[in-house]
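Comments concern the structure below.
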Number of protein chains: 2
Amino acid sequence: MGLFQRIGKALEPLMLAMGVVSPLATIPQLYKLFFSHSQHAAGLSLATWTLYTFIAFLWTLYGVYHKNPTIWIGNCLSFLMDATMSAGIYLKVGLVM
Amino acid sequence: MGLFQRIGKALEPLMLAMGVVSPLATIPQLYKLFFSHSQHAAGLSLATWTLYTFIAFLWTLYGVYHKNPTIWIGNCLSFLMDATMSAGIYLKVGLVM
């Protein structure tokens, strides 16, 4: 069994956890935007975070359609995090790319 | 058929495209970091982008293991984009959260 195969197999039971790591990883970025580095909010891209929000929303719907919590739990959390990022950038910088 | 179901079904043939939208969405953020708003790089979280990179790498391996291009193509692109974001933040700000 190749290295890819071994790692892929090992990841199988971790998929739900992996889906939740990405939204949790957004917390330090949210903290910088809202608390510690608000003066640098202009360096964040509203286009990027709005698209992330939209895509997470579509994946959430897709996961609900397939009744697959591994897909919708992580993406629903990502949707909330990314929407909060987008709202924060809009509030602090306005409607810029 | 409920609204969720109708949208979920409509998304089925779009999955590969959806997987590629997220990495492409990162381009405006990369542009701000490297070109237009480098002075605001401190507002970007190295923790967030490094974790994004790591997770995209794991999903790429997982997609290759399952020989599923819908999973690995988008995540491989995300890995490259997020790794470039992480490298840029590190180069411009150093090893901060």
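Identifiers for the structure tokens are assigned positionally: chains receive A, B, ... in sequence, residues are indexed from 1 per chain, and ligands are indexed from 1 in the order shown.
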Transformed chain B, reference chain A, in-order C-alpha pairing, as a short mmCIF file (atom, residue, chain, number, x, y, z; two decimals) with N, CA, C and O atoms, in the first residue's frame:
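The result, stored in superposed-v5.cif:
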```cif
data_model
loop_
_atom_site.label_atom_id
_atom_site.label_comp_id
_atom_site.auth_asym_id
_atom_site.auth_seq_id
_atom_site.Cartn_x
_atom_site.Cartn_y
_atom_site.Cartn_z
N MET B 1 0.84 -1.23 0.04
CA MET B 1 -0.02 -0.02 0.04
C MET B 1 0.87 1.23 0.04
O MET B 1 1.74 1.37 0.90
N GLY B 2 0.66 2.13 -0.93
CA GLY B 2 1.48 3.33 -1.03
C GLY B 2 1.20 4.31 0.10
O GLY B 2 0.25 4.13 0.87
N LEU B 3 2.03 5.33 0.16
CA LEU B 3 1.90 6.32 1.23
C LEU B 3 0.55 7.04 1.16
O LEU B 3 -0.15 7.20 2.17
N PHE B 4 0.17 7.51 -0.07
CA PHE B 4 -1.13 8.17 -0.27
C PHE B 4 -2.26 7.30 0.26
O PHE B 4 -3.16 7.78 0.95
N GLN B 5 -2.21 6.00 -0.10
CA GLN B 5 -3.27 5.08 0.28
C GLN B 5 -3.36 4.94 1.79
O GLN B 5 -4.43 4.97 2.38
N ARG B 6 -2.19 4.81 2.42
CA ARG B 6 -2.18 4.63 3.87
C ARG B 6 -2.74 5.86 4.58
O ARG B 6 -3.54 5.75 5.51
N ILE B 7 -2.32 7.06 4.08
CA ILE B 7 -2.81 8.29 4.71
C ILE B 7 -4.31 8.46 4.45
O ILE B 7 -5.07 8.79 5.34
N GLY B 8 -4.73 8.17 3.20
CA GLY B 8 -6.15 8.30 2.84
C GLY B 8 -7.02 7.42 3.72
O GLY B 8 -8.07 7.86 4.20
N LYS B 9 -6.58 6.22 3.94
CA LYS B 9 -7.35 5.28 4.76
C LYS B 9 -7.40 5.75 6.21
O LYS B 9 -8.44 5.68 6.87
N ALA B 10 -6.26 6.27 6.70
CA ALA B 10 -6.20 6.75 8.09
C ALA B 10 -7.12 7.95 8.29
O ALA B 10 -7.62 8.19 9.39
N LEU B 11 -7.35 8.72 7.21
CA LEU B 11 -8.17 9.93 7.32
C LEU B 11 -9.66 9.62 7.41
O LEU B 11 -10.45 10.44 7.89
N GLU B 12 -10.06 8.43 6.93
CA GLU B 12 -11.49 8.10 6.82
C GLU B 12 -12.29 8.41 8.10
O GLU B 12 -13.27 9.14 8.03
N PRO B 13 -11.86 7.90 9.27
CA PRO B 13 -12.66 8.18 10.47
C PRO B 13 -12.53 9.61 10.97
O PRO B 13 -13.26 10.01 11.88
N LEU B 14 -11.60 10.39 10.37
CA LEU B 14 -11.35 11.76 10.84
C LEU B 14 -12.11 12.80 10.03
O LEU B 14 -12.00 13.99 10.29
N MET B 15 -12.87 12.35 9.01
CA MET B 15 -13.48 13.31 8.08
C MET B 15 -14.36 14.36 8.75
O MET B 15 -14.27 15.53 8.42
N LEU B 16 -15.22 13.93 9.69
CA LEU B 16 -16.10 14.90 10.34
C LEU B 16 -15.28 15.92 11.13
O LEU B 16 -15.51 17.13 11.03
N ALA B 17 -14.26 15.42 11.85
CA ALA B 17 -13.38 16.32 12.60
C ALA B 17 -12.66 17.28 11.63
O ALA B 17 -12.58 18.48 11.89
N MET B 18 -12.17 16.76 10.50
CA MET B 18 -11.48 17.60 9.52
C MET B 18 -12.40 18.71 9.01
O MET B 18 -11.97 19.84 8.82
N GLY B 19 -13.67 18.37 8.82
CA GLY B 19 -14.63 19.36 8.32
C GLY B 19 -14.84 20.49 9.30
O GLY B 19 -15.21 21.60 8.92
N VAL B 20 -14.60 20.22 10.60
CA VAL B 20 -14.82 21.23 11.63
C VAL B 20 -13.56 22.04 11.92
O VAL B 20 -13.63 23.14 12.45
N VAL B 21 -12.38 21.50 11.54
CA VAL B 21 -11.13 22.21 11.80
C VAL B 21 -11.05 23.53 11.01
O VAL B 21 -10.65 24.56 11.54
N SER B 22 -11.48 23.49 9.73
CA SER B 22 -11.40 24.71 8.90
C SER B 22 -12.20 25.87 9.48
O SER B 22 -11.66 26.97 9.63
N PRO B 23 -13.49 25.66 9.84
CA PRO B 23 -14.20 26.80 10.46
C PRO B 23 -13.56 27.25 11.77
O PRO B 23 -13.45 28.45 12.02
N LEU B 24 -13.09 26.31 12.60
CA LEU B 24 -12.43 26.70 13.85
C LEU B 24 -11.15 27.48 13.56
O LEU B 24 -10.80 28.41 14.29
N ALA B 25 -10.46 27.12 12.48
CA ALA B 25 -9.22 27.80 12.10
C ALA B 25 -9.47 29.26 11.77
O ALA B 25 -8.54 30.07 11.76
N THR B 26 -10.73 29.60 11.47
CA THR B 26 -11.06 30.98 11.10
C THR B 26 -11.10 31.89 12.33
O THR B 26 -11.03 33.12 12.20
N ILE B 27 -11.19 31.30 13.53
CA ILE B 27 -11.30 32.11 14.76
C ILE B 27 -10.14 33.10 14.94
O ILE B 27 -10.40 34.29 15.21
N PRO B 28 -8.86 32.70 14.77
CA PRO B 28 -7.79 33.70 14.92
C PRO B 28 -7.92 34.86 13.92
O PRO B 28 -7.62 36.01 14.26
N GLN B 29 -8.42 34.57 12.71
CA GLN B 29 -8.60 35.63 11.72
C GLN B 29 -9.73 36.57 12.13
O GLN B 29 -9.63 37.79 11.97
N LEU B 30 -10.80 35.99 12.69
CA LEU B 30 -11.91 36.80 13.20
C LEU B 30 -11.43 37.68 14.35
O LEU B 30 -11.80 38.87 14.44
N TYR B 31 -10.60 37.12 15.23
CA TYR B 31 -10.08 37.87 16.37
C TYR B 31 -9.26 39.07 15.89
O TYR B 31 -9.39 40.19 16.41
N LYS B 32 -8.40 38.84 14.87
CA LYS B 32 -7.60 39.95 14.33
C LYS B 32 -8.49 41.02 13.73
O LYS B 32 -8.28 42.22 13.94
N LEU B 33 -9.52 40.59 12.99
CA LEU B 33 -10.40 41.57 12.33
C LEU B 33 -11.19 42.39 13.35
O LEU B 33 -11.25 43.61 13.24
N PHE B 34 -11.77 41.73 14.35
CA PHE B 34 -12.68 42.43 15.26
C PHE B 34 -12.00 43.05 16.48
O PHE B 34 -12.50 44.01 17.05
N PHE B 35 -10.87 42.48 16.91
CA PHE B 35 -10.28 42.94 18.17
C PHE B 35 -8.86 43.48 18.05
O PHE B 35 -8.61 44.65 18.26
N SER B 36 -7.91 42.61 17.66
CA SER B 36 -6.51 43.02 17.81
C SER B 36 -5.97 43.85 16.65
O SER B 36 -5.05 44.65 16.85
N HIS B 37 -6.47 43.66 15.43
CA HIS B 37 -5.87 44.34 14.27
C HIS B 37 -6.92 44.96 13.35
O HIS B 37 -6.81 44.90 12.13
N SER B 38 -7.95 45.58 13.95
CA SER B 38 -9.04 46.16 13.15
C SER B 38 -8.52 47.22 12.18
O SER B 38 -9.10 47.42 11.11
N GLN B 39 -7.42 47.88 12.56
CA GLN B 39 -6.88 48.95 11.70
C GLN B 39 -6.32 48.40 10.40
O GLN B 39 -6.04 49.16 9.47
N HIS B 40 -6.15 47.06 10.33
CA HIS B 40 -5.64 46.44 9.10
C HIS B 40 -6.75 45.75 8.31
O HIS B 40 -6.46 44.92 7.43
N ALA B 41 -8.00 46.05 8.63
CA ALA B 41 -9.12 45.37 7.97
C ALA B 41 -9.11 45.59 6.45
O ALA B 41 -9.60 44.74 5.70
N ALA B 42 -8.52 46.70 6.00
CA ALA B 42 -8.48 46.99 4.57
C ALA B 42 -7.65 45.96 3.80
O ALA B 42 -7.77 45.83 2.58
N GLY B 43 -6.81 45.21 4.50
CA GLY B 43 -6.01 44.19 3.85
C GLY B 43 -6.77 42.89 3.62
O GLY B 43 -6.25 41.97 2.99
N LEU B 44 -8.00 42.83 4.16
CA LEU B 44 -8.83 41.64 3.97
C LEU B 44 -9.73 41.85 2.76
O LEU B 44 -10.25 42.94 2.55
N SER B 45 -9.90 40.80 1.97
CA SER B 45 -10.66 40.92 0.73
C SER B 45 -12.12 40.55 0.93
O SER B 45 -12.45 39.39 1.21
N LEU B 46 -13.01 41.54 0.78
CA LEU B 46 -14.45 41.27 0.89
C LEU B 46 -14.90 40.29 -0.19
O LEU B 46 -15.76 39.43 0.05
N ALA B 47 -14.29 40.38 -1.38
CA ALA B 47 -14.62 39.46 -2.49
C ALA B 47 -14.34 38.01 -2.08
O ALA B 47 -15.19 37.12 -2.22
N THR B 48 -13.14 37.79 -1.55
CA THR B 48 -12.76 36.44 -1.13
C THR B 48 -13.71 35.88 -0.08
O THR B 48 -14.25 34.79 -0.22
N TRP B 49 -13.95 36.67 0.98
CA TRP B 49 -14.74 36.15 2.11
C TRP B 49 -16.22 36.02 1.76
O TRP B 49 -16.91 35.14 2.28
N THR B 50 -16.71 36.89 0.87
CA THR B 50 -18.11 36.75 0.44
C THR B 50 -18.27 35.50 -0.41
O THR B 50 -19.26 34.76 -0.26
N LEU B 51 -17.31 35.22 -1.28
CA LEU B 51 -17.37 34.00 -2.08
C LEU B 51 -17.24 32.76 -1.20
O LEU B 51 -17.96 31.78 -1.40
N TYR B 52 -16.33 32.80 -0.22
CA TYR B 52 -16.23 31.68 0.73
C TYR B 52 -17.60 31.41 1.40
O TYR B 52 -18.02 30.27 1.57
N THR B 53 -18.25 32.51 1.81
CA THR B 53 -19.55 32.40 2.49
C THR B 53 -20.58 31.74 1.58
O THR B 53 -21.30 30.82 1.99
N PHE B 54 -20.62 32.20 0.33
CA PHE B 54 -21.58 31.70 -0.65
C PHE B 54 -21.35 30.21 -0.91
O PHE B 54 -22.29 29.40 -0.94
N ILE B 55 -20.09 29.81 -1.10
CA ILE B 55 -19.75 28.42 -1.38
C ILE B 55 -20.07 27.53 -0.17
O ILE B 55 -20.63 26.43 -0.33
N ALA B 56 -19.76 28.00 1.03
CA ALA B 56 -20.08 27.21 2.24
C ALA B 56 -21.59 27.02 2.36
O ALA B 56 -22.06 25.95 2.76
N PHE B 57 -22.34 28.05 1.97
CA PHE B 57 -23.81 27.95 1.99
C PHE B 57 -24.29 26.87 1.02
O PHE B 57 -25.13 26.03 1.36
N LEU B 58 -23.73 26.87 -0.19
CA LEU B 58 -24.13 25.86 -1.19
C LEU B 58 -23.77 24.45 -0.71
O LEU B 58 -24.56 23.52 -0.85
N TRP B 59 -22.56 24.28 -0.12
CA TRP B 59 -22.17 22.95 0.39
C TRP B 59 -23.06 22.51 1.53
O TRP B 59 -23.35 21.32 1.69
N THR B 60 -23.51 23.49 2.36
CA THR B 60 -24.43 23.14 3.45
C THR B 60 -25.74 22.59 2.88
O THR B 60 -26.22 21.53 3.31
N LEU B 61 -26.29 23.28 1.89
CA LEU B 61 -27.52 22.81 1.24
C LEU B 61 -27.30 21.43 0.64
O LEU B 61 -28.13 20.53 0.77
N TYR B 62 -26.16 21.26 -0.02
CA TYR B 62 -25.83 19.99 -0.67
C TYR B 62 -25.74 18.86 0.37
O TYR B 62 -26.25 17.76 0.15
N GLY B 63 -25.12 19.14 1.52
CA GLY B 63 -24.99 18.14 2.59
C GLY B 63 -26.33 17.79 3.20
O GLY B 63 -26.59 16.62 3.52
N VAL B 64 -27.20 18.81 3.35
CA VAL B 64 -28.54 18.55 3.89
C VAL B 64 -29.33 17.69 2.90
O VAL B 64 -30.00 16.73 3.29
N TYR B 65 -29.20 18.01 1.63
CA TYR B 65 -29.88 17.23 0.58
C TYR B 65 -29.47 15.76 0.64
O TYR B 65 -30.30 14.86 0.53
N HIS B 66 -28.17 15.52 0.86
CA HIS B 66 -27.68 14.13 0.91
C HIS B 66 -27.75 13.56 2.33
O HIS B 66 -27.26 12.45 2.55
N LYS B 67 -28.38 14.33 3.27
CA LYS B 67 -28.47 13.90 4.68
C LYS B 67 -27.10 13.43 5.18
O LYS B 67 -26.97 12.40 5.84
N ASN B 68 -26.05 14.18 4.82
CA ASN B 68 -24.68 13.81 5.17
C ASN B 68 -24.09 14.84 6.14
O ASN B 68 -23.60 15.89 5.73
N PRO B 69 -24.14 14.54 7.46
CA PRO B 69 -23.66 15.49 8.46
C PRO B 69 -22.17 15.82 8.31
O PRO B 69 -21.74 16.93 8.67
N THR B 70 -21.37 14.87 7.78
CA THR B 70 -19.96 15.15 7.56
C THR B 70 -19.80 16.35 6.64
O THR B 70 -18.87 17.14 6.79
N ILE B 71 -20.70 16.49 5.67
CA ILE B 71 -20.63 17.64 4.77
C ILE B 71 -21.28 18.87 5.40
O ILE B 71 -20.69 19.95 5.42
N TRP B 72 -22.50 18.73 5.93
CA TRP B 72 -23.21 19.95 6.32
C TRP B 72 -22.76 20.56 7.64
O TRP B 72 -22.80 21.79 7.78
N ILE B 73 -22.29 19.77 8.62
CA ILE B 73 -21.90 20.36 9.91
C ILE B 73 -20.72 21.32 9.73
O ILE B 73 -20.78 22.49 10.11
N GLY B 74 -19.64 20.83 9.11
CA GLY B 74 -18.46 21.68 8.90
C GLY B 74 -18.78 22.88 8.03
O GLY B 74 -18.34 24.01 8.32
N ASN B 75 -19.56 22.66 6.96
CA ASN B 75 -19.85 23.77 6.05
C ASN B 75 -20.81 24.78 6.65
O ASN B 75 -20.72 25.98 6.35
N CYS B 76 -21.73 24.31 7.50
CA CYS B 76 -22.64 25.24 8.17
C CYS B 76 -21.83 26.14 9.12
O CYS B 76 -22.04 27.36 9.15
N LEU B 77 -20.88 25.55 9.85
CA LEU B 77 -19.99 26.34 10.71
C LEU B 77 -19.14 27.31 9.88
O LEU B 77 -18.98 28.47 10.24
N SER B 78 -18.61 26.81 8.75
CA SER B 78 -17.82 27.68 7.87
C SER B 78 -18.66 28.84 7.36
O SER B 78 -18.19 29.98 7.28
N PHE B 79 -19.91 28.54 7.02
CA PHE B 79 -20.82 29.60 6.55
C PHE B 79 -20.95 30.69 7.61
O PHE B 79 -20.83 31.89 7.30
N LEU B 80 -21.16 30.30 8.88
CA LEU B 80 -21.32 31.28 9.95
C LEU B 80 -20.03 32.10 10.15
O LEU B 80 -20.08 33.33 10.29
N MET B 81 -18.88 31.42 10.14
CA MET B 81 -17.60 32.10 10.33
C MET B 81 -17.32 33.07 9.17
O MET B 81 -16.95 34.23 9.39
N ASP B 82 -17.48 32.57 7.94
CA ASP B 82 -17.17 33.38 6.77
C ASP B 82 -18.15 34.55 6.63
O ASP B 82 -17.75 35.65 6.22
N ALA B 83 -19.42 34.32 7.00
CA ALA B 83 -20.40 35.41 6.95
C ALA B 83 -20.02 36.49 7.97
O ALA B 83 -20.15 37.69 7.67
N THR B 84 -19.53 36.07 9.14
CA THR B 84 -19.10 37.04 10.16
C THR B 84 -17.88 37.82 9.68
O THR B 84 -17.79 39.04 9.87
N MET B 85 -16.93 37.11 9.01
CA MET B 85 -15.77 37.79 8.41
C MET B 85 -16.25 38.83 7.39
O MET B 85 -15.80 39.98 7.42
N SER B 86 -17.14 38.43 6.50
CA SER B 86 -17.63 39.34 5.44
C SER B 86 -18.31 40.55 6.06
O SER B 86 -18.06 41.70 5.64
N ALA B 87 -19.17 40.30 7.05
CA ALA B 87 -19.88 41.41 7.71
C ALA B 87 -18.88 42.35 8.38
O ALA B 87 -19.01 43.58 8.27
N GLY B 88 -17.87 41.79 9.03
CA GLY B 88 -16.86 42.61 9.70
C GLY B 88 -16.08 43.47 8.73
O GLY B 88 -15.85 44.66 8.99
N ILE B 89 -15.66 42.89 7.61
CA ILE B 89 -14.91 43.66 6.61
C ILE B 89 -15.79 44.79 6.06
O ILE B 89 -15.36 45.94 5.95
N TYR B 90 -17.04 44.47 5.78
CA TYR B 90 -17.96 45.47 5.25
C TYR B 90 -18.17 46.62 6.24
O TYR B 90 -18.12 47.80 5.87
N LEU B 91 -18.36 46.26 7.52
CA LEU B 91 -18.60 47.28 8.54
C LEU B 91 -17.38 48.17 8.75
O LEU B 91 -17.51 49.37 8.97
N LYS B 92 -16.17 47.58 8.67
CA LYS B 92 -14.97 48.34 9.00
C LYS B 92 -14.35 49.06 7.79
O LYS B 92 -13.68 50.06 7.94
N VAL B 93 -14.57 48.51 6.58
CA VAL B 93 -13.92 49.09 5.40
C VAL B 93 -14.92 49.58 4.37
O VAL B 93 -14.64 50.49 3.61
N GLY B 94 -16.11 48.95 4.33
CA GLY B 94 -17.10 49.32 3.33
C GLY B 94 -17.04 48.38 2.14
O GLY B 94 -16.37 47.33 2.18
N LEU B 95 -17.71 48.78 1.08
CA LEU B 95 -17.89 47.90 -0.07
C LEU B 95 -16.69 48.01 -1.05
O LEU B 95 -16.77 48.67 -2.07
N VAL B 96 -15.58 47.36 -0.67
CA VAL B 96 -14.42 47.31 -1.55
C VAL B 96 -14.11 45.85 -1.86
O VAL B 96 -14.60 44.95 -1.18
N MET B 97 -13.29 45.63 -2.86
CA MET B 97 -12.95 44.26 -3.23
C MET B 97 -12.15 43.58 -2.12
O MET B 97 -12.25 42.42 -1.86
#
```
Alpha helix (DSSP H) positions in chain A, given as a PyMOL selection string: chain A and resi 3-11+15-25+27-31+46-65+69-93
